[in-house]
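As provided, protein16.txt (compact mmCIF, C-alpha atoms and all ligand atoms) reads as follows.
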```txt
# COMPACT_ATOMS: atom_id res chain seq x y z
CA MET K 1 0.00 0.00 0.00
CA SER K 2 1.21 3.51 -0.76
CA ALA K 3 0.10 5.39 2.33
CA ALA K 4 -0.79 9.06 2.13
CA PRO K 5 2.29 11.22 2.72
CA ALA K 6 2.46 12.74 6.20
CA GLY K 7 2.90 16.50 6.37
CA LEU K 8 3.15 18.72 3.34
CA PRO K 9 5.08 16.85 0.64
CA PRO K 10 8.04 18.53 -1.05
CA GLY K 11 8.24 18.30 -4.80
CA PRO K 12 7.54 20.35 -7.89
CA PRO K 13 4.26 22.19 -8.36
CA HIS K 14 1.56 20.57 -10.49
CA ASP K 15 0.82 22.47 -13.74
CA GLU K 16 -2.86 22.31 -12.92
CA VAL K 17 -4.16 22.23 -9.36
CA PRO K 18 -7.67 20.78 -9.43
CA PHE K 19 -10.04 21.62 -6.62
CA HIS K 20 -10.09 17.99 -5.53
CA ARG K 21 -8.47 14.75 -6.62
CA PRO K 22 -9.67 11.50 -5.02
CA PHE K 23 -6.78 9.75 -3.29
CA VAL K 24 -5.97 6.24 -4.48
CA VAL K 25 -4.33 4.14 -1.79
CA GLY K 26 -3.06 1.53 -4.24
CA ASP K 27 -4.72 -1.65 -2.99
CA GLU K 28 -8.17 -0.91 -4.36
CA GLY K 29 -7.73 -3.04 -7.51
CA SER K 30 -6.79 -6.22 -5.69
CA ALA K 31 -9.62 -5.66 -3.18
CA VAL K 32 -12.10 -5.37 -6.06
CA GLN K 33 -10.73 -8.61 -7.54
CA GLY K 34 -11.23 -10.20 -4.14
CA ALA K 35 -14.88 -9.15 -4.14
CA LEU K 36 -15.36 -10.48 -7.68
CA ARG K 37 -13.74 -13.81 -6.76
CA ASN K 38 -15.97 -14.12 -3.68
CA GLY K 39 -19.02 -14.29 -5.92
CA HIS K 40 -20.85 -12.00 -3.52
CA THR K 41 -21.02 -8.64 -5.23
CA GLY K 42 -24.42 -7.47 -3.95
CA GLY K 43 -25.19 -5.68 -0.69
CA ASN K 44 -24.35 -6.84 2.84
CA GLY K 45 -21.41 -8.90 1.57
CA PRO K 46 -18.19 -9.74 3.42
CA TYR K 47 -16.37 -6.50 2.52
CA ALA K 48 -19.41 -4.43 3.58
CA THR K 49 -19.63 -6.30 6.86
CA ALA K 50 -15.93 -5.66 7.53
CA CYS K 51 -16.32 -1.94 6.73
CA GLU K 52 -19.36 -1.68 9.00
CA ARG K 53 -17.42 -3.27 11.85
CA GLN K 54 -14.50 -0.91 11.28
CA LEU K 55 -16.77 2.16 11.13
CA SER K 56 -18.55 1.03 14.27
CA GLU K 57 -15.22 0.79 16.12
CA LEU K 58 -14.04 4.10 14.71
CA THR K 59 -17.17 6.09 15.57
CA GLY K 60 -18.53 4.20 18.57
CA SER K 61 -21.87 3.85 16.77
CA GLN K 62 -23.95 0.90 17.86
CA LYS K 63 -24.83 -0.19 14.30
CA VAL K 64 -23.48 0.97 10.97
CA LEU K 65 -25.23 0.26 7.66
CA LEU K 66 -23.39 0.94 4.42
CA THR K 67 -25.58 2.66 1.83
CA HIS K 68 -25.18 3.64 -1.82
CA SER K 69 -24.73 7.30 -0.80
CA CYS K 70 -25.09 9.76 2.05
CA THR K 71 -28.25 10.89 0.27
CA GLY K 72 -29.55 7.33 0.70
CA ALA K 73 -28.47 7.26 4.34
CA LEU K 74 -30.40 10.49 5.01
CA GLU K 75 -33.48 9.09 3.28
CA LEU K 76 -33.22 5.91 5.32
CA ALA K 77 -32.86 8.02 8.47
CA ALA K 78 -35.99 10.03 7.63
CA LEU K 79 -37.97 6.79 7.07
CA LEU K 80 -36.62 5.25 10.26
CA ALA K 81 -37.41 8.33 12.33
CA GLY K 82 -41.02 8.14 11.11
CA ILE K 83 -40.99 11.64 9.65
CA GLY K 84 -44.22 12.37 7.76
CA PRO K 85 -46.56 15.02 6.34
CA GLY K 86 -47.03 17.99 8.63
CA ASP K 87 -43.75 17.44 10.47
CA GLU K 88 -41.11 20.15 10.59
CA VAL K 89 -37.38 19.45 10.40
CA ILE K 90 -34.96 22.19 11.45
CA MET K 91 -31.73 22.42 9.46
CA PRO K 92 -29.26 25.04 8.23
CA SER K 93 -30.02 26.68 4.91
CA PHE K 94 -26.28 26.53 4.19
CA THR K 95 -26.13 22.86 3.16
CA PHE K 96 -26.35 20.42 0.29
CA VAL K 97 -29.77 19.64 -1.21
CA SER K 98 -29.84 16.05 0.13
CA THR K 99 -30.15 17.31 3.72
CA ALA K 100 -33.56 18.77 2.85
CA ASN K 101 -34.70 16.38 0.12
CA ALA K 102 -34.66 13.36 2.44
CA PHE K 103 -37.40 14.96 4.54
CA VAL K 104 -39.34 16.60 1.71
CA LEU K 105 -39.66 13.11 0.18
CA ARG K 106 -41.52 12.12 3.37
CA GLY K 107 -43.88 15.09 3.08
CA ALA K 108 -42.23 17.10 5.87
CA THR K 109 -41.28 20.79 5.82
CA PRO K 110 -37.63 21.82 6.14
CA VAL K 111 -37.29 24.83 8.44
CA PHE K 112 -34.17 26.74 7.44
CA VAL K 113 -32.09 28.52 10.09
CA ASP K 114 -28.82 30.45 10.18
CA VAL K 115 -25.31 29.11 10.84
CA ARG K 116 -22.83 30.48 13.35
CA PRO K 117 -20.04 32.59 11.85
CA GLN K 118 -16.95 30.83 13.15
CA ASP K 119 -17.41 27.42 11.50
CA LEU K 120 -20.63 27.69 9.47
CA THR K 121 -22.44 25.03 11.51
CA ILE K 122 -26.03 25.36 12.72
CA ASP K 123 -26.62 28.17 15.24
CA PRO K 124 -28.22 26.64 18.38
CA ALA K 125 -29.92 29.93 19.28
CA ALA K 126 -31.58 29.96 15.84
CA VAL K 127 -32.69 26.35 16.35
CA GLU K 128 -34.32 27.25 19.65
CA GLN K 129 -36.22 30.10 18.00
CA ALA K 130 -37.39 27.86 15.15
CA LEU K 131 -39.05 25.25 17.38
CA SER K 132 -42.78 24.76 16.93
CA PRO K 133 -45.30 22.13 18.09
CA ARG K 134 -44.64 20.43 14.72
CA THR K 135 -40.87 20.08 15.17
CA ARG K 136 -39.95 16.40 14.85
CA ALA K 137 -36.26 16.50 14.02
CA ILE K 138 -33.15 18.68 14.06
CA VAL K 139 -30.45 18.10 11.45
CA PRO K 140 -27.06 19.64 12.25
CA VAL K 141 -24.74 19.59 9.24
CA GLN K 142 -21.12 19.01 10.23
CA TYR K 143 -19.77 21.52 7.74
CA GLY K 144 -16.27 21.27 6.33
CA GLY K 145 -15.24 18.27 8.39
CA GLY K 146 -15.92 19.98 11.71
CA CYS K 147 -18.81 19.66 14.12
CA ALA K 148 -21.69 21.78 15.39
CA ASP K 149 -22.25 22.62 19.06
CA MET K 150 -23.71 19.18 19.71
CA ASP K 151 -24.15 19.65 23.47
CA ALA K 152 -26.47 22.56 22.79
CA VAL K 153 -28.26 20.84 19.89
CA MET K 154 -28.84 17.63 21.89
CA ALA K 155 -30.17 19.58 24.88
CA ILE K 156 -32.60 21.60 22.72
CA ALA K 157 -33.77 18.41 20.96
CA ALA K 158 -34.30 16.54 24.22
CA ALA K 159 -36.39 19.37 25.65
CA ALA K 160 -38.46 19.52 22.44
CA ASN K 161 -38.78 15.73 22.13
CA ALA K 162 -37.18 15.91 18.69
CA VAL K 163 -34.82 13.38 17.10
CA VAL K 164 -31.32 14.52 16.05
CA ILE K 165 -30.16 13.28 12.64
CA GLU K 166 -26.61 14.42 11.94
CA ASP K 167 -25.59 15.12 8.37
CA ALA K 168 -21.95 14.18 8.93
CA ALA K 169 -21.28 13.66 5.20
CA GLN K 170 -17.96 15.50 5.46
CA SER K 171 -16.79 14.65 8.98
CA LEU K 172 -15.38 11.13 9.22
CA PHE K 173 -12.23 11.16 11.40
CA ALA K 174 -13.21 14.47 13.05
CA THR K 175 -14.05 14.54 16.76
CA TYR K 176 -16.25 16.61 19.08
CA ARG K 177 -15.18 16.33 22.73
CA GLY K 178 -13.54 13.05 21.69
CA ARG K 179 -16.67 11.66 20.05
CA ALA K 180 -17.31 11.07 16.37
CA PRO K 181 -19.67 13.44 14.53
CA GLY K 182 -22.51 11.28 13.23
CA ALA K 183 -22.47 9.09 16.34
CA ILE K 184 -23.83 11.74 18.73
CA GLY K 185 -27.43 12.20 17.55
CA GLN K 186 -29.86 9.28 17.37
CA LEU K 187 -28.92 8.86 13.70
CA GLY K 188 -26.03 10.10 11.54
CA ALA K 189 -25.13 9.96 7.86
CA LEU K 190 -21.65 9.75 6.27
CA SER K 191 -20.58 10.19 2.65
CA PHE K 192 -17.88 8.41 0.65
CA HIS K 193 -18.59 10.33 -2.55
CA GLU K 194 -15.51 11.00 -4.71
CA THR K 195 -15.36 14.55 -3.32
CA LYS K 196 -14.86 13.40 0.29
CA ASN K 197 -11.57 12.72 2.08
CA LEU K 198 -12.18 8.96 1.91
CA SER K 199 -14.10 7.80 -1.13
CA CYS K 200 -15.32 4.80 -3.08
CA GLY K 201 -16.94 6.65 -5.99
CA GLU K 202 -20.46 6.79 -4.61
CA GLY K 203 -21.16 5.55 -1.10
CA GLY K 204 -22.44 6.38 2.35
CA ALA K 205 -23.30 4.98 5.73
CA LEU K 206 -26.05 5.34 8.28
CA LEU K 207 -24.93 5.35 11.90
CA VAL K 208 -27.74 4.03 14.09
CA ASN K 209 -26.93 5.24 17.58
CA ASP K 210 -30.29 4.59 19.23
CA PRO K 211 -30.54 0.87 20.12
CA ALA K 212 -34.34 1.04 19.70
CA LEU K 213 -33.91 1.74 15.97
CA VAL K 214 -31.34 -0.94 15.11
CA GLN K 215 -33.64 -3.84 14.27
CA ARG K 216 -35.93 -1.83 12.01
CA ALA K 217 -32.99 -0.12 10.30
CA GLU K 218 -31.72 -3.37 8.79
CA VAL K 219 -35.24 -4.21 7.55
CA LEU K 220 -35.74 -0.82 5.87
CA GLN K 221 -32.28 -1.06 4.29
CA GLU K 222 -33.15 -4.47 2.74
CA LYS K 223 -36.32 -3.38 0.89
CA GLY K 224 -38.56 -3.87 3.93
CA THR K 225 -37.68 -7.56 4.30
CA ASN K 226 -36.26 -9.59 7.18
CA ARG K 227 -33.50 -10.88 4.90
CA MET K 228 -30.74 -10.21 7.44
CA ARG K 229 -32.50 -12.39 10.00
CA PHE K 230 -32.64 -15.12 7.34
CA VAL K 231 -28.91 -14.67 6.61
CA ARG K 232 -28.16 -15.11 10.33
CA GLY K 233 -30.32 -18.28 10.41
CA GLU K 234 -32.95 -16.73 12.68
CA VAL K 235 -35.87 -17.41 10.28
CA ARG K 236 -36.32 -20.16 7.67
CA ALA K 237 -37.36 -17.84 4.85
CA TYR K 238 -37.43 -14.13 4.39
CA THR K 239 -40.39 -12.03 3.45
CA TRP K 240 -41.83 -8.52 3.22
CA VAL K 241 -42.39 -7.21 6.76
CA ASP K 242 -42.27 -3.39 6.52
CA VAL K 243 -41.81 -0.47 4.14
CA GLY K 244 -38.30 -0.05 2.80
CA SER K 245 -36.10 0.37 -0.23
CA SER K 246 -32.71 -0.72 -1.50
CA PHE K 247 -30.30 1.30 0.63
CA LEU K 248 -27.34 -1.01 -0.03
CA MET K 249 -23.73 -0.72 -1.12
CA SER K 250 -22.36 -3.25 -3.62
CA ASP K 251 -19.53 -5.36 -2.22
CA ILE K 252 -17.34 -4.25 -5.15
CA THR K 253 -17.66 -0.69 -3.86
CA ALA K 254 -17.25 -1.82 -0.25
CA ALA K 255 -13.95 -3.48 -1.20
CA ILE K 256 -12.65 -0.08 -2.33
CA LEU K 257 -13.99 1.58 0.81
CA GLY K 258 -12.25 -0.98 3.03
CA THR K 259 -8.90 -0.06 1.50
CA GLN K 260 -9.58 3.63 2.05
CA LEU K 261 -10.61 3.07 5.67
CA GLU K 262 -7.32 1.28 6.34
CA ALA K 263 -5.48 4.45 5.25
CA GLY K 264 -7.99 6.81 6.89
CA SER K 265 -5.68 8.23 9.56
CA GLU K 266 -2.92 9.02 7.06
CA ILE K 267 -5.39 10.57 4.58
CA THR K 268 -6.80 12.76 7.37
CA ALA K 269 -3.31 13.82 8.52
CA ALA K 270 -2.43 14.85 4.96
CA HIS K 271 -5.63 16.94 4.67
CA ARG K 272 -4.94 18.59 8.01
CA ALA K 273 -1.37 19.47 7.00
CA ILE K 274 -2.64 21.41 3.96
CA TRP K 275 -5.42 23.02 6.03
CA ASP K 276 -2.85 24.13 8.64
CA ALA K 277 -0.53 25.55 5.98
CA TYR K 278 -3.35 27.67 4.52
CA HIS K 279 -4.47 28.74 7.95
CA GLU K 280 -1.02 29.91 8.93
CA ALA K 281 -0.42 31.67 5.61
CA PHE K 282 -3.65 33.70 5.83
CA ALA K 283 -3.24 34.74 9.49
CA PRO K 284 -1.58 38.10 8.67
CA LEU K 285 -4.33 38.89 6.16
CA GLU K 286 -7.00 38.24 8.72
CA ALA K 287 -5.14 40.38 11.25
CA ALA K 288 -5.16 43.17 8.66
CA GLY K 289 -8.93 42.76 8.20
CA ALA K 290 -8.59 41.53 4.60
CA VAL K 291 -10.21 38.07 5.03
CA VAL K 292 -12.02 35.98 7.61
CA ARG K 293 -10.60 32.51 8.34
CA PRO K 294 -12.47 29.59 9.94
CA ALA K 295 -12.28 29.55 13.74
CA ILE K 296 -12.75 25.94 14.80
CA PRO K 297 -13.84 25.72 18.45
CA PRO K 298 -11.39 23.99 20.80
CA GLU K 299 -13.76 21.08 21.49
CA VAL K 300 -13.66 20.15 17.79
CA ARG K 301 -10.84 18.38 16.00
CA HIS K 302 -11.67 18.80 12.30
CA ASN K 303 -10.52 16.48 9.52
CA GLY K 304 -9.24 19.12 7.08
CA HIS K 305 -11.97 18.47 4.54
CA ILE K 306 -12.54 22.09 3.45
CA TYR K 307 -10.40 25.19 3.75
CA TRP K 308 -12.54 28.29 3.24
CA LEU K 309 -12.01 32.02 3.46
CA LEU K 310 -14.50 34.87 3.46
CA ALA K 311 -13.39 37.62 1.08
CA PRO K 312 -14.53 41.18 1.82
CA ASP K 313 -17.42 40.93 -0.66
CA ARG K 314 -18.81 38.87 -3.56
CA GLU K 315 -16.79 40.78 -6.16
CA ALA K 316 -13.52 40.12 -4.33
CA ARG K 317 -14.44 36.44 -3.91
CA ASP K 318 -15.24 36.08 -7.61
CA HIS K 319 -12.02 37.89 -8.51
CA VAL K 320 -9.97 35.43 -6.40
CA ILE K 321 -11.60 32.48 -8.19
CA VAL K 322 -10.95 33.99 -11.64
CA ARG K 323 -7.31 34.87 -10.86
CA LEU K 324 -6.62 31.41 -9.43
CA GLY K 325 -8.17 29.93 -12.57
CA GLU K 326 -5.79 31.96 -14.73
CA HIS K 327 -2.95 30.31 -12.80
CA GLY K 328 -4.34 26.81 -13.32
CA VAL K 329 -5.80 26.57 -9.82
CA ARG K 330 -9.45 25.59 -9.41
CA ALA K 331 -11.10 27.20 -6.38
CA GLN K 332 -14.83 27.10 -5.72
CA PHE K 333 -17.60 28.87 -3.89
CA HIS K 334 -20.09 26.69 -2.04
CA TYR K 335 -23.82 26.21 -1.42
CA VAL K 336 -26.52 28.42 -2.82
CA PRO K 337 -28.50 28.74 0.45
CA LEU K 338 -31.44 26.36 0.23
CA HIS K 339 -33.97 28.91 1.49
CA SER K 340 -33.29 30.97 -1.65
CA SER K 341 -33.40 28.04 -4.11
CA PRO K 342 -36.52 27.30 -6.24
CA ALA K 343 -37.25 24.03 -4.39
CA GLY K 344 -36.40 25.55 -1.00
CA LEU K 345 -38.94 28.31 -1.62
CA ARG K 346 -41.54 25.71 -2.63
CA TYR K 347 -41.02 23.13 0.10
CA GLY K 348 -39.45 24.89 3.06
CA ARG K 349 -39.92 27.81 5.36
CA VAL K 350 -37.47 30.21 6.93
CA ALA K 351 -37.14 30.80 10.66
CA GLY K 352 -35.37 33.92 11.86
CA ASP K 353 -32.83 36.05 10.14
CA LEU K 354 -30.55 34.20 7.71
CA ALA K 355 -28.30 37.22 7.29
CA PHE K 356 -25.07 35.41 8.04
CA THR K 357 -25.91 32.52 5.69
CA THR K 358 -26.63 34.94 2.84
CA ASP K 359 -23.50 36.97 3.53
CA ALA K 360 -21.18 33.96 3.91
CA ALA K 361 -22.52 32.28 0.75
CA ALA K 362 -21.66 35.43 -1.24
CA ARG K 363 -18.15 35.83 0.17
CA LEU K 364 -16.92 32.27 0.64
CA VAL K 365 -14.16 30.71 -1.44
CA ARG K 366 -12.94 27.13 -0.98
CA LEU K 367 -9.30 26.48 -1.82
CA PRO K 368 -8.00 23.21 -3.30
CA ILE K 369 -7.25 20.54 -0.71
CA TRP K 370 -6.31 16.99 -1.66
CA VAL K 371 -3.70 14.40 -0.79
CA GLY K 372 -0.71 14.82 -3.09
CA MET K 373 -0.70 18.63 -3.23
CA THR K 374 2.87 19.72 -2.73
CA ARG K 375 4.23 22.55 -0.60
CA ALA K 376 4.85 24.43 -3.87
CA ASP K 377 1.18 24.00 -4.89
CA VAL K 378 -0.03 25.39 -1.57
CA GLU K 379 2.39 28.32 -1.81
CA ARG K 380 1.13 29.15 -5.31
CA VAL K 381 -2.51 29.08 -4.16
CA CYS K 382 -1.67 31.39 -1.25
CA GLU K 383 0.37 33.83 -3.35
CA VAL K 384 -2.25 34.16 -6.09
CA THR K 385 -5.08 34.51 -3.57
CA MET K 386 -3.24 37.23 -1.67
CA ALA K 387 -2.34 39.09 -4.87
CA ALA K 388 -5.96 38.91 -6.09
CA LEU K 389 -7.26 40.28 -2.79
CA ALA K 390 -4.70 43.09 -2.90
CA GLU K 391 -5.78 43.95 -6.47
CA ARG K 392 -9.39 44.22 -5.33
CA ARG K 393 -8.42 46.40 -2.38
CA ALA K 394 -6.48 48.70 -4.70
CA ALA K 395 -9.48 48.84 -7.06
CA VAL K 396 -11.90 49.69 -4.25
CA VAL K 397 -9.59 52.12 -2.44
CA PRO K 398 -7.60 53.77 -5.26
CA GLY K 399 -4.34 55.26 -4.57
C1 LIG V 1 -23.52 18.11 3.72
C2 LIG V 1 -23.78 17.05 2.70
N1 LIG V 1 -24.85 16.26 2.82
C3 LIG V 1 -25.12 15.28 1.95
C4 LIG V 1 -24.30 15.06 0.86
C5 LIG V 1 -24.66 13.98 -0.12
O1 LIG V 1 -23.68 12.97 -0.16
P1 LIG V 1 -23.71 11.85 -1.29
O2 LIG V 1 -23.14 12.45 -2.52
O3 LIG V 1 -22.86 10.74 -0.73
O4 LIG V 1 -25.12 11.42 -1.47
C6 LIG V 1 -23.17 15.85 0.67
C7 LIG V 1 -22.29 15.63 -0.49
O5 LIG V 1 -21.65 16.46 -1.02
C8 LIG V 1 -22.90 16.87 1.61
O6 LIG V 1 -21.83 17.67 1.49
```
Here is a file; write its structure as structure tokens.
Ligand SMILES: Cc1ncc(COP(=O)(O)O)c(C=O)c1O
Amino acid sequence: MSAAPAGLPPGPPHDEVPFHRPFVVGDEGSAVQGALRNGHTGGNGPYATACERQLSELTGSQKVLLTHSCTGALELAALLAGIGPGDEVIMPSFTFVSTANAFVLRGATPVFVDVRPQDLTIDPAAVEQALSPRTRAIVPVQYGGGCADMDAVMAIAAAANAVVIEDAAQSLFATYRGRAPGAIGQLGALSFHETKNLSCGEGGALLVNDPALVQRAEVLQEKGTNRMRFVRGEVRAYTWVDVGSSFLMSDITAAILGTQLEAGSEITAAHRAIWDAYHEAFAPLEAAGAVVRPAIPPEVRHNGHIYWLLAPDREARDHVIVRLGEHGVRAQFHYVPLHSSPAGLRYGRVAGDLAFTTDAAARLVRLPIWVGMTRADVERVCEVTMAALAERRAAVVPG
């Protein structure tokens, strides 16, 4: 296996610096051949079972179910939590569409709230203000590989008798007070999409942290059948016992995921090294009031998934992206806030003032971060970004 390099690797700059490049450990091919030789390429195969065990150990979750995507895991969570028409589900507007879609598919109403400025995770005070007699669930999104204020979210949910479903798509290998994001609420969803630190193309997992939900979770995952009980020899035949769908990961995909999980600590360390280098480089700019950097709270150890900056305004942000592009570097903005999207307007409602969400979405730039970026690549990104911001300042304040 070629493990991910620790620290920031020396070496020449890449001509082109993509925004993301999925890391290949090296053993994926032989693992896939192993899955093909096994003759079990469908869901809940030996590689999937091994990954689930590993993820359970890693996160402390009682039961892990591999799914075809985080989107699927969120949909399974919504089904499992019994969300239905008339229910309200509180979530940040600053998130990916799947966070909301999973609940809209059940006939529920997403209630969009603001994020807190320092790490763009859900603002607990906004959650409290959004509660109504219809609130059934709260969905913190663990943005950028960090973690929301889960103590506050869990306390608000307990008082409101609401279930907490964590969208931890980006946060595997992060911790919050030593615990894994995704394993703190009753349910949590992870992603292994190609854009994530650890990936298998398309893939996800549902973390079932409430023991009362475990048995039904494996039924809903297997099309509403008791197939897993049959596999364990607990029943003589399996049949349709509940609603459900196919929320499964092929064992070919799970073979790839297993290889990535083995290298997970090294991949995370490499992401963090790049994140730290950016963070250090932009400190003087923040001190001069030219950008805002993320401020990860001390109780969170992030996994280096996203490095973002807030430029002074939308024009400066767009200018940074264009200038980086001219130098072969692909930077990106992020979510169009869901409350302002066509489907968000149709299916959701807004609670409180989303001023910070709107402002951050307009000013945010994400810089490239992937295993294999060299020190020279990172230096080029920093230099071009700083020069672009200086150009904008000079344009705004002539002279
Ligand atoms: C916050 C969040 N939720 C959900 C998803 C959906 O993940 P997947 O592509 O695995 O369905 C993503 C993926 O980008 C995400 O960032």
So, with only C-alpha atoms and all ligand atoms as the atoms that count, which of K:Asp353, K:Glu166, K:Glu202, K:Asp251 lies closest to ligand LIG 1 (chain V)? K:Glu202
Mind listing the residues within 6 Å of ligand LIG 1 (chain V), all atoms listed in the file counted, as JSON, numbers by chain? {"K": [69, 70, 71, 95, 96, 98, 99, 141, 167, 169, 170, 191, 192, 193, 203, 204]}
With distances taken over all atoms listed in the file, which residue among K:Ala287, K:Val320, K:Val113, K:Leu74 lies nearest K:Arg393? K:Val320
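For the set K:Leu309, K:Phe230, K:Arg349, K:Ala174, the residue with the smallest atom-to-atom gap to K:Ala283 is K:Leu309, counting only C-alpha atoms.
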Quick one: everything within 10 Å of stretch 118-124 of chain K, counting all atoms listed in the file, minus sequence neighbours fewer than 2 positions away in the same chain. Send it as a compact mmCIF listing (two decimals) with C-alpha atoms, in the coordinates of the input.
```txt
# COMPACT_ATOMS: atom_id res chain seq x y z
CA ILE K 90 -34.96 22.19 11.45
CA MET K 91 -31.73 22.42 9.46
CA PRO K 92 -29.26 25.04 8.23
CA SER K 93 -30.02 26.68 4.91
CA PHE K 94 -26.28 26.53 4.19
CA THR K 95 -26.13 22.86 3.16
CA PHE K 112 -34.17 26.74 7.44
CA VAL K 113 -32.09 28.52 10.09
CA ASP K 114 -28.82 30.45 10.18
CA VAL K 115 -25.31 29.11 10.84
CA ARG K 116 -22.83 30.48 13.35
CA ALA K 126 -31.58 29.96 15.84
CA VAL K 127 -32.69 26.35 16.35
CA GLU K 128 -34.32 27.25 19.65
CA GLN K 129 -36.22 30.10 18.00
CA ALA K 130 -37.39 27.86 15.15
CA ILE K 138 -33.15 18.68 14.06
CA VAL K 139 -30.45 18.10 11.45
CA PRO K 140 -27.06 19.64 12.25
CA VAL K 141 -24.74 19.59 9.24
CA GLN K 142 -21.12 19.01 10.23
CA TYR K 143 -19.77 21.52 7.74
CA GLY K 144 -16.27 21.27 6.33
CA GLY K 145 -15.24 18.27 8.39
CA GLY K 146 -15.92 19.98 11.71
CA CYS K 147 -18.81 19.66 14.12
CA ALA K 148 -21.69 21.78 15.39
CA ASP K 149 -22.25 22.62 19.06
CA MET K 150 -23.71 19.18 19.71
CA ASP K 151 -24.15 19.65 23.47
CA ALA K 152 -26.47 22.56 22.79
CA VAL K 153 -28.26 20.84 19.89
CA MET K 154 -28.84 17.63 21.89
CA ALA K 155 -30.17 19.58 24.88
CA ILE K 156 -32.60 21.60 22.72
CA VAL K 292 -12.02 35.98 7.61
CA ARG K 293 -10.60 32.51 8.34
CA PRO K 294 -12.47 29.59 9.94
CA ALA K 295 -12.28 29.55 13.74
CA ILE K 296 -12.75 25.94 14.80
CA PRO K 297 -13.84 25.72 18.45
CA TRP K 308 -12.54 28.29 3.24
CA PHE K 356 -25.07 35.41 8.04
CA THR K 357 -25.91 32.52 5.69
CA ALA K 360 -21.18 33.96 3.91
```
Using all atoms listed in the file, the best pick from K:Ala102, K:Val396, K:Val32, K:Val378 as closest to K:Pro10 would be K:Val378
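Distances from K:Val17, K:Ala355, K:Gly39, K:Phe247 to K:Ser340 were compared using all atoms listed in the file, and the smallest one belongs to K:Ala355.
Interatomic distance, atom CA of K:Ile306 to atom CA of K:Trp275: 7.6 Å.
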Kindly give the distance, in Å, that separates atom CA of K:His279 and atom CA of K:Gly182, rounded to a single decimal. 25.7 Å
For the point (-36.3, 15.6, 5.1) in file coordinates, what residues are within 12 Å, counting only C-alpha atoms? Give the answer as JSON, numbers by chain? {"K": [71, 72, 73, 74, 75, 76, 77, 78, 79, 80, 81, 82, 83, 84, 85, 86, 87, 88, 89, 90, 91, 97, 98, 99, 100, 101, 102, 103, 104, 105, 106, 107, 108, 109, 110, 111, 112, 135, 136, 137, 138, 139, 165, 166, 167, 344, 347, 348]}
